[in-house]
Amino acid sequence: AERLLTIRGVYRTGLESLDSRVLFLTLQTARPLFRLPEGVTNIEIKLDRPQEAVEVARFLRDATGLRSTPWQEKNASLDDALQAQDQTGRLIQLFSLVSILIGVASALVLSAYRRRPEIGIMRAAGVAGGFIARVFLLQGFLIGVTGALLGCGLGYGLCRWLASLIGADGGPVLPIAPERGGYLAVFLLTTLGAVIASALPARAASRVDPLEAIQQ
């Protein structure tokens, strides 16, 4: 079947395989062309959470008896690429957290070593070791909060700037969504990591021998 149609608009997704062969028609126009006066060939469903496509497809197949195919089966390579990207992101987050632990712990260990005479005087004056340990834990907490606030603020600002870059075609240069940065999780993990990193220096400082520290 043939019919003369008027082009109402041209779209570009950036994927040549789609832009070169996909067009959109109303059902009233498409059905006579494909000799489907009352039917359709397939129905596509877009999910708010694409990772649930397998479960939804299984539910629809059981409920209707029709063939239901999740996008993971049709795009296995894309699914593998997304999983690899997710694993890479998690590794980057893990190494960032480890670097935070190492950095805070090393700074507080050096601080405790330099303050051994002061800690010894405090212990000799009757200050409890638990109080000294809490001071180092508080210092680690403040370091974590300050670093987390600065990191989240600078990261959000950088993402906003990158998202504002426009290419020659009028679209964004980089597919960045600043509002999906997970800033609360980053803030909590950074602060918690700094407190955990300060635990060992705090324990070491609370066990300083007053006499030995004063002699040094």
# chains A, B, ... in the order shown; residues from 1 in each chain; ligands from 1
$ residues_around --residues "Ile7 (chain A)" --least-positions-apart "4" --cutoff "12 Å" --atoms "only C-alpha atoms" --output "compact mmCIF listing (two decimals) with C-alpha atoms, in the first residue's frame"
# COMPACT_ATOMS: atom_id res chain seq x y z
CA TYR A 11 13.86 14.44 14.84
CA LEU A 23 9.26 7.35 11.44
CA PHE A 24 6.07 8.02 13.39
CA LEU A 25 2.52 7.87 12.07
$ residues_around --residues "region 109-111 of chain A" --least-positions-apart "6" --cutoff "12 Å" --atoms "only C-alpha atoms" --output "PyMOL selection string"
chain A and resi 101-103+117-119+135-137+139-140+197-205
$ write_last_selection --atoms "N, CA, C and O atoms" --output "compact mmCIF listing (two decimals), in the first residue's frame"
# COMPACT_ATOMS: atom_id res chain seq x y z
N LEU A 101 39.92 7.54 53.76
CA LEU A 101 40.35 6.87 54.99
C LEU A 101 41.85 7.03 55.21
O LEU A 101 42.30 7.35 56.31
N ILE A 102 42.61 6.79 54.15
CA ILE A 102 44.07 6.88 54.27
C ILE A 102 44.50 8.31 54.59
O ILE A 102 45.35 8.56 55.45
N GLY A 103 43.90 9.28 53.87
CA GLY A 103 44.29 10.68 54.07
C GLY A 103 43.99 11.18 55.48
O GLY A 103 44.84 11.79 56.14
N PRO A 117 53.76 15.39 73.56
CA PRO A 117 54.05 16.11 74.82
C PRO A 117 52.79 16.76 75.41
O PRO A 117 52.58 16.72 76.62
N GLU A 118 51.98 17.38 74.56
CA GLU A 118 50.76 18.01 75.06
C GLU A 118 49.81 16.97 75.64
O GLU A 118 49.19 17.18 76.70
N ILE A 119 49.69 15.84 74.95
CA ILE A 119 48.82 14.77 75.44
C ILE A 119 49.35 14.22 76.76
O ILE A 119 48.58 13.93 77.69
N VAL A 135 38.27 13.84 71.45
CA VAL A 135 38.78 15.03 70.76
C VAL A 135 39.25 14.66 69.35
O VAL A 135 38.94 15.37 68.37
N PHE A 136 39.98 13.55 69.22
CA PHE A 136 40.44 13.14 67.89
C PHE A 136 39.27 12.68 67.02
O PHE A 136 39.27 12.92 65.81
N LEU A 137 38.29 12.03 67.61
CA LEU A 137 37.12 11.63 66.83
C LEU A 137 36.36 12.86 66.34
O LEU A 137 35.87 12.90 65.20
N GLN A 139 37.69 15.78 65.77
CA GLN A 139 38.50 16.37 64.72
C GLN A 139 38.29 15.65 63.39
O GLN A 139 38.14 16.28 62.34
N GLY A 140 38.25 14.31 63.43
CA GLY A 140 37.97 13.56 62.22
C GLY A 140 36.59 13.85 61.66
O GLY A 140 36.39 13.96 60.44
N ALA A 197 38.22 6.57 60.11
CA ALA A 197 39.67 6.73 59.95
C ALA A 197 40.32 7.34 61.18
O ALA A 197 41.50 7.10 61.46
N SER A 198 39.56 8.15 61.93
CA SER A 198 40.13 8.79 63.11
C SER A 198 40.11 7.88 64.34
O SER A 198 40.65 8.25 65.38
N ALA A 199 39.48 6.71 64.22
CA ALA A 199 39.37 5.83 65.38
C ALA A 199 40.73 5.32 65.83
O ALA A 199 41.04 5.30 67.04
N LEU A 200 41.57 4.88 64.90
CA LEU A 200 42.89 4.35 65.27
C LEU A 200 43.79 5.42 65.88
O LEU A 200 44.39 5.18 66.96
N PRO A 201 43.93 6.62 65.28
CA PRO A 201 44.72 7.65 65.95
C PRO A 201 44.15 8.05 67.31
O PRO A 201 44.91 8.33 68.24
N ALA A 202 42.82 8.06 67.43
CA ALA A 202 42.21 8.41 68.72
C ALA A 202 42.57 7.37 69.77
O ALA A 202 42.88 7.71 70.93
N ARG A 203 42.53 6.12 69.40
CA ARG A 203 42.86 5.04 70.33
C ARG A 203 44.33 5.14 70.74
O ARG A 203 44.67 4.96 71.92
N ALA A 204 45.21 5.42 69.76
CA ALA A 204 46.63 5.54 70.08
C ALA A 204 46.90 6.74 70.99
O ALA A 204 47.71 6.66 71.92
N ALA A 205 46.20 7.85 70.74
CA ALA A 205 46.42 9.04 71.57
C ALA A 205 45.93 8.84 72.99
O ALA A 205 46.54 9.34 73.95
$ residues_around --residues "Glu52 (chain A)" --least-positions-apart "5" --cutoff "12 Å" --atoms "only C-alpha atoms" --output "list in words"
Ile45, Lys46, Leu47, Ala57, Arg58, Phe59, Pro70, Trp71 and Gln72 of chain A
$ atom_distance --atom1 "CA of Pro50 (chain A)" --atom2 "CA of Asp86 (chain A)"
14.1 Å
$ closest_residue --among "A:Ala53, A:Leu27, A:Leu189, A:Ala177" --to "Ile100 (chain A)" --atoms "only C-alpha atoms"
A:Leu189
$ closest_residue --among "A:Leu36, A:Leu188, A:Val208, A:Leu78" --to "Val145 (chain A)" --atoms "only C-alpha atoms"
A:Leu188
$ residues_around --residues "Thr41 (chain A)" --least-positions-apart "2" --cutoff "12 Å" --atoms "only C-alpha atoms" --output "PyMOL selection string"
chain A and resi 27+30-31+34-39+43-44+66-67
$ atom_distance --atom1 "CA of Arg116 (chain A)" --atom2 "CA of Gly144 (chain A)"
23.3 Å
$ closest_atom_pairs --of "region 93-158 of chain A" --to "region 163-166 of chain A" --cutoff "12 Å" --atoms "only C-alpha atoms" --output "CSV"
residue,atom,partner,partner_atom,distance
A:Tyr156,CA,A:Ala163,CA,10.4
A:Gly157,CA,A:Ala163,CA,9.9
A:Leu158,CA,A:Ala163,CA,8.5
$ select_by_dssp --residues "chain A" --states "helix (DSSP H, G or I)" --output "PDB file with C-alpha atoms, in the first residue's frame"
ATOM      1  CA  GLU A  16      22.061   6.612  12.983  1.00  0.00           C
ATOM      2  CA  SER A  17      20.333   3.217  13.069  1.00  0.00           C
ATOM      3  CA  LEU A  18      17.177   4.912  14.356  1.00  0.00           C
ATOM      4  CA  ASP A  19      17.345   8.241  12.562  1.00  0.00           C
ATOM      5  CA  LEU A  27      -2.706   4.697  14.048  1.00  0.00           C
ATOM      6  CA  GLN A  28      -5.387   5.881  11.619  1.00  0.00           C
ATOM      7  CA  THR A  29      -2.712   6.458   8.955  1.00  0.00           C
ATOM      8  CA  ALA A  30      -0.566   3.405   9.637  1.00  0.00           C
ATOM      9  CA  ARG A  31      -3.252   0.724   9.850  1.00  0.00           C
ATOM     10  CA  PRO A  32      -4.366   0.883   6.182  1.00  0.00           C
ATOM     11  CA  LEU A  33      -0.729   0.915   5.020  1.00  0.00           C
ATOM     12  CA  PRO A  50      14.225   0.080  33.357  1.00  0.00           C
ATOM     13  CA  GLN A  51      16.050  -2.509  35.470  1.00  0.00           C
ATOM     14  CA  GLU A  52      12.668  -4.053  36.340  1.00  0.00           C
ATOM     15  CA  ALA A  53      11.910  -4.883  32.703  1.00  0.00           C
ATOM     16  CA  VAL A  54      12.520  -8.631  33.146  1.00  0.00           C
ATOM     17  CA  GLU A  55      10.027  -8.919  36.021  1.00  0.00           C
ATOM     18  CA  VAL A  56       7.425  -6.780  34.222  1.00  0.00           C
ATOM     19  CA  ALA A  57       7.810  -8.805  31.014  1.00  0.00           C
ATOM     20  CA  ARG A  58       7.315 -12.042  32.943  1.00  0.00           C
ATOM     21  CA  PHE A  59       4.202 -10.638  34.636  1.00  0.00           C
ATOM     22  CA  LEU A  60       2.689  -9.482  31.321  1.00  0.00           C
ATOM     23  CA  ARG A  61       3.453 -12.829  29.681  1.00  0.00           C
ATOM     24  CA  ASP A  62       1.736 -14.733  32.483  1.00  0.00           C
ATOM     25  CA  ALA A  63      -1.218 -12.337  32.617  1.00  0.00           C
ATOM     26  CA  THR A  64      -1.973 -12.092  28.881  1.00  0.00           C
ATOM     27  CA  TRP A  71      14.832  -4.784  26.455  1.00  0.00           C
ATOM     28  CA  GLN A  72      17.758  -6.688  28.009  1.00  0.00           C
ATOM     29  CA  GLU A  73      17.154  -9.590  25.618  1.00  0.00           C
ATOM     30  CA  LYS A  74      17.051  -7.368  22.541  1.00  0.00           C
ATOM     31  CA  ALA A  76      22.342  -7.638  25.383  1.00  0.00           C
ATOM     32  CA  SER A  77      25.435  -5.621  24.468  1.00  0.00           C
ATOM     33  CA  LEU A  78      23.877  -2.421  25.816  1.00  0.00           C
ATOM     34  CA  ASP A  79      22.921  -4.180  29.033  1.00  0.00           C
ATOM     35  CA  ASP A  80      26.476  -5.477  29.439  1.00  0.00           C
ATOM     36  CA  ALA A  81      27.849  -1.972  28.803  1.00  0.00           C
ATOM     37  CA  LEU A  82      25.525  -0.440  31.419  1.00  0.00           C
ATOM     38  CA  GLN A  83      26.493  -3.067  33.983  1.00  0.00           C
ATOM     39  CA  ALA A  84      30.179  -2.481  33.270  1.00  0.00           C
ATOM     40  CA  GLN A  85      29.642   1.266  33.641  1.00  0.00           C
ATOM     41  CA  ASP A  86      27.844   0.737  36.957  1.00  0.00           C
ATOM     42  CA  GLN A  87      30.639  -1.499  38.263  1.00  0.00           C
ATOM     43  CA  THR A  88      33.243   1.046  37.179  1.00  0.00           C
ATOM     44  CA  GLY A  89      31.388   3.785  39.039  1.00  0.00           C
ATOM     45  CA  ARG A  90      31.244   1.671  42.181  1.00  0.00           C
ATOM     46  CA  LEU A  91      34.975   0.961  41.975  1.00  0.00           C
ATOM     47  CA  ILE A  92      35.702   4.676  41.640  1.00  0.00           C
ATOM     48  CA  GLN A  93      33.544   5.372  44.706  1.00  0.00           C
ATOM     49  CA  LEU A  94      35.282   2.608  46.652  1.00  0.00           C
ATOM     50  CA  PHE A  95      38.767   3.889  45.827  1.00  0.00           C
ATOM     51  CA  SER A  96      37.670   7.437  46.675  1.00  0.00           C
ATOM     52  CA  LEU A  97      36.461   6.259  50.081  1.00  0.00           C
ATOM     53  CA  VAL A  98      39.712   4.355  50.662  1.00  0.00           C
ATOM     54  CA  SER A  99      41.723   7.478  49.783  1.00  0.00           C
ATOM     55  CA  ILE A 100      39.632   9.442  52.287  1.00  0.00           C
ATOM     56  CA  LEU A 101      40.348   6.873  54.994  1.00  0.00           C
ATOM     57  CA  ILE A 102      44.069   6.881  54.274  1.00  0.00           C
ATOM     58  CA  GLY A 103      44.294  10.675  54.073  1.00  0.00           C
ATOM     59  CA  VAL A 104      42.395  11.388  57.287  1.00  0.00           C
ATOM     60  CA  ALA A 105      44.108   8.587  59.215  1.00  0.00           C
ATOM     61  CA  SER A 106      47.599   9.691  58.156  1.00  0.00           C
ATOM     62  CA  ALA A 107      46.869  13.332  59.032  1.00  0.00           C
ATOM     63  CA  LEU A 108      45.549  12.436  62.476  1.00  0.00           C
ATOM     64  CA  VAL A 109      48.380   9.979  63.183  1.00  0.00           C
ATOM     65  CA  LEU A 110      50.879  12.746  62.390  1.00  0.00           C
ATOM     66  CA  SER A 111      48.900  15.156  64.560  1.00  0.00           C
ATOM     67  CA  ALA A 112      48.886  12.694  67.453  1.00  0.00           C
ATOM     68  CA  TYR A 113      52.643  12.149  67.130  1.00  0.00           C
ATOM     69  CA  ARG A 114      53.389  15.874  67.141  1.00  0.00           C
ATOM     70  CA  ARG A 116      52.507  13.665  72.298  1.00  0.00           C
ATOM     71  CA  PRO A 117      54.046  16.106  74.822  1.00  0.00           C
ATOM     72  CA  GLU A 118      50.758  18.012  75.064  1.00  0.00           C
ATOM     73  CA  ILE A 119      48.818  14.775  75.443  1.00  0.00           C
ATOM     74  CA  GLY A 120      51.266  13.603  78.109  1.00  0.00           C
ATOM     75  CA  ILE A 121      50.789  16.832  80.081  1.00  0.00           C
ATOM     76  CA  MET A 122      47.009  16.486  79.803  1.00  0.00           C
ATOM     77  CA  ARG A 123      47.158  12.873  80.992  1.00  0.00           C
ATOM     78  CA  ALA A 124      49.454  13.830  83.867  1.00  0.00           C
ATOM     79  CA  GLY A 129      42.034   8.937  77.917  1.00  0.00           C
ATOM     80  CA  GLY A 130      38.445   8.740  76.738  1.00  0.00           C
ATOM     81  CA  PHE A 131      38.261  12.536  76.530  1.00  0.00           C
ATOM     82  CA  ILE A 132      41.412  12.660  74.393  1.00  0.00           C
ATOM     83  CA  ALA A 133      40.000   9.954  72.129  1.00  0.00           C
ATOM     84  CA  ARG A 134      36.781  11.939  71.701  1.00  0.00           C
ATOM     85  CA  VAL A 135      38.784  15.028  70.758  1.00  0.00           C
ATOM     86  CA  PHE A 136      40.442  13.136  67.891  1.00  0.00           C
ATOM     87  CA  LEU A 137      37.116  11.630  66.829  1.00  0.00           C
ATOM     88  CA  LEU A 138      35.585  15.100  66.788  1.00  0.00           C
ATOM     89  CA  GLN A 139      38.502  16.366  64.723  1.00  0.00           C
ATOM     90  CA  GLY A 140      37.973  13.558  62.215  1.00  0.00           C
ATOM     91  CA  PHE A 141      34.238  14.323  62.126  1.00  0.00           C
ATOM     92  CA  LEU A 142      34.884  18.009  61.410  1.00  0.00           C
ATOM     93  CA  ILE A 143      37.370  17.111  58.682  1.00  0.00           C
ATOM     94  CA  GLY A 144      34.831  14.772  57.109  1.00  0.00           C
ATOM     95  CA  VAL A 145      31.962  17.285  57.229  1.00  0.00           C
ATOM     96  CA  THR A 146      34.094  20.099  55.815  1.00  0.00           C
ATOM     97  CA  GLY A 147      35.504  17.930  53.048  1.00  0.00           C
ATOM     98  CA  ALA A 148      32.085  16.498  52.200  1.00  0.00           C
ATOM     99  CA  LEU A 149      30.477  19.932  51.960  1.00  0.00           C
ATOM    100  CA  LEU A 150      33.287  21.283  49.790  1.00  0.00           C
ATOM    101  CA  GLY A 151      33.313  18.171  47.600  1.00  0.00           C
ATOM    102  CA  CYS A 152      29.545  18.095  47.078  1.00  0.00           C
ATOM    103  CA  GLY A 153      29.416  21.818  46.367  1.00  0.00           C
ATOM    104  CA  LEU A 154      32.301  21.799  43.912  1.00  0.00           C
ATOM    105  CA  GLY A 155      31.062  18.582  42.277  1.00  0.00           C
ATOM    106  CA  TYR A 156      27.563  19.974  41.794  1.00  0.00           C
ATOM    107  CA  GLY A 157      28.934  23.217  40.393  1.00  0.00           C
ATOM    108  CA  LEU A 158      31.197  21.347  37.975  1.00  0.00           C
ATOM    109  CA  CYS A 159      28.321  19.120  36.824  1.00  0.00           C
ATOM    110  CA  ARG A 160      26.085  22.154  36.286  1.00  0.00           C
ATOM    111  CA  TRP A 161      28.772  23.795  34.180  1.00  0.00           C
ATOM    112  CA  LEU A 162      29.367  20.655  32.115  1.00  0.00           C
ATOM    113  CA  ALA A 163      25.619  20.182  31.604  1.00  0.00           C
ATOM    114  CA  PRO A 178      23.537  17.217  38.141  1.00  0.00           C
ATOM    115  CA  GLU A 179      20.452  16.483  40.252  1.00  0.00           C
ATOM    116  CA  ARG A 180      21.255  12.747  40.218  1.00  0.00           C
ATOM    117  CA  TYR A 183      25.050  14.026  47.194  1.00  0.00           C
ATOM    118  CA  LEU A 184      23.432  12.900  50.446  1.00  0.00           C
ATOM    119  CA  ALA A 185      25.010   9.448  50.166  1.00  0.00           C
ATOM    120  CA  VAL A 186      28.382  11.003  49.339  1.00  0.00           C
ATOM    121  CA  PHE A 187      28.127  13.355  52.314  1.00  0.00           C
ATOM    122  CA  LEU A 188      27.204  10.577  54.742  1.00  0.00           C
ATOM    123  CA  LEU A 189      29.840   8.128  53.465  1.00  0.00           C
ATOM    124  CA  THR A 190      32.582  10.759  53.503  1.00  0.00           C
ATOM    125  CA  THR A 191      31.753  11.863  57.037  1.00  0.00           C
ATOM    126  CA  LEU A 192      31.444   8.289  58.288  1.00  0.00           C
ATOM    127  CA  GLY A 193      34.708   7.344  56.575  1.00  0.00           C
ATOM    128  CA  ALA A 194      36.526  10.247  58.234  1.00  0.00           C
ATOM    129  CA  VAL A 195      35.200   9.253  61.672  1.00  0.00           C
ATOM    130  CA  ILE A 196      36.225   5.625  61.134  1.00  0.00           C
ATOM    131  CA  ALA A 197      39.669   6.726  59.954  1.00  0.00           C
ATOM    132  CA  ALA A 199      39.372   5.826  65.383  1.00  0.00           C
ATOM    133  CA  LEU A 200      42.891   4.345  65.270  1.00  0.00           C
ATOM    134  CA  PRO A 201      44.722   7.653  65.947  1.00  0.00           C
ATOM    135  CA  ALA A 202      42.212   8.414  68.715  1.00  0.00           C
ATOM    136  CA  ARG A 203      42.865   5.042  70.331  1.00  0.00           C
ATOM    137  CA  ALA A 204      46.632   5.537  70.081  1.00  0.00           C
ATOM    138  CA  ALA A 205      46.422   9.044  71.568  1.00  0.00           C
ATOM    139  CA  SER A 206      44.299   7.881  74.493  1.00  0.00           C
ATOM    140  CA  PRO A 210      52.320  10.508  80.343  1.00  0.00           C
ATOM    141  CA  LEU A 211      55.868  10.051  81.651  1.00  0.00           C
ATOM    142  CA  GLU A 212      57.262   8.854  78.335  1.00  0.00           C
ATOM    143  CA  ALA A 213      55.505  11.625  76.390  1.00  0.00           C
ATOM    144  CA  ILE A 214      56.768  14.384  78.706  1.00  0.00           C
ATOM    145  CA  GLN A 215      60.323  13.069  78.519  1.00  0.00           C
TER     146      GLN A 215
END
$ atom_distance --atom1 "CA of Ser20 (chain A)" --atom2 "CA of Ile176 (chain A)"
26.0 Å
$ closest_residue --among "A:Ser68, A:Ala125, A:Thr26, A:Gly171" --to "Leu5 (chain A)" --atoms "only C-alpha atoms"
A:Thr26
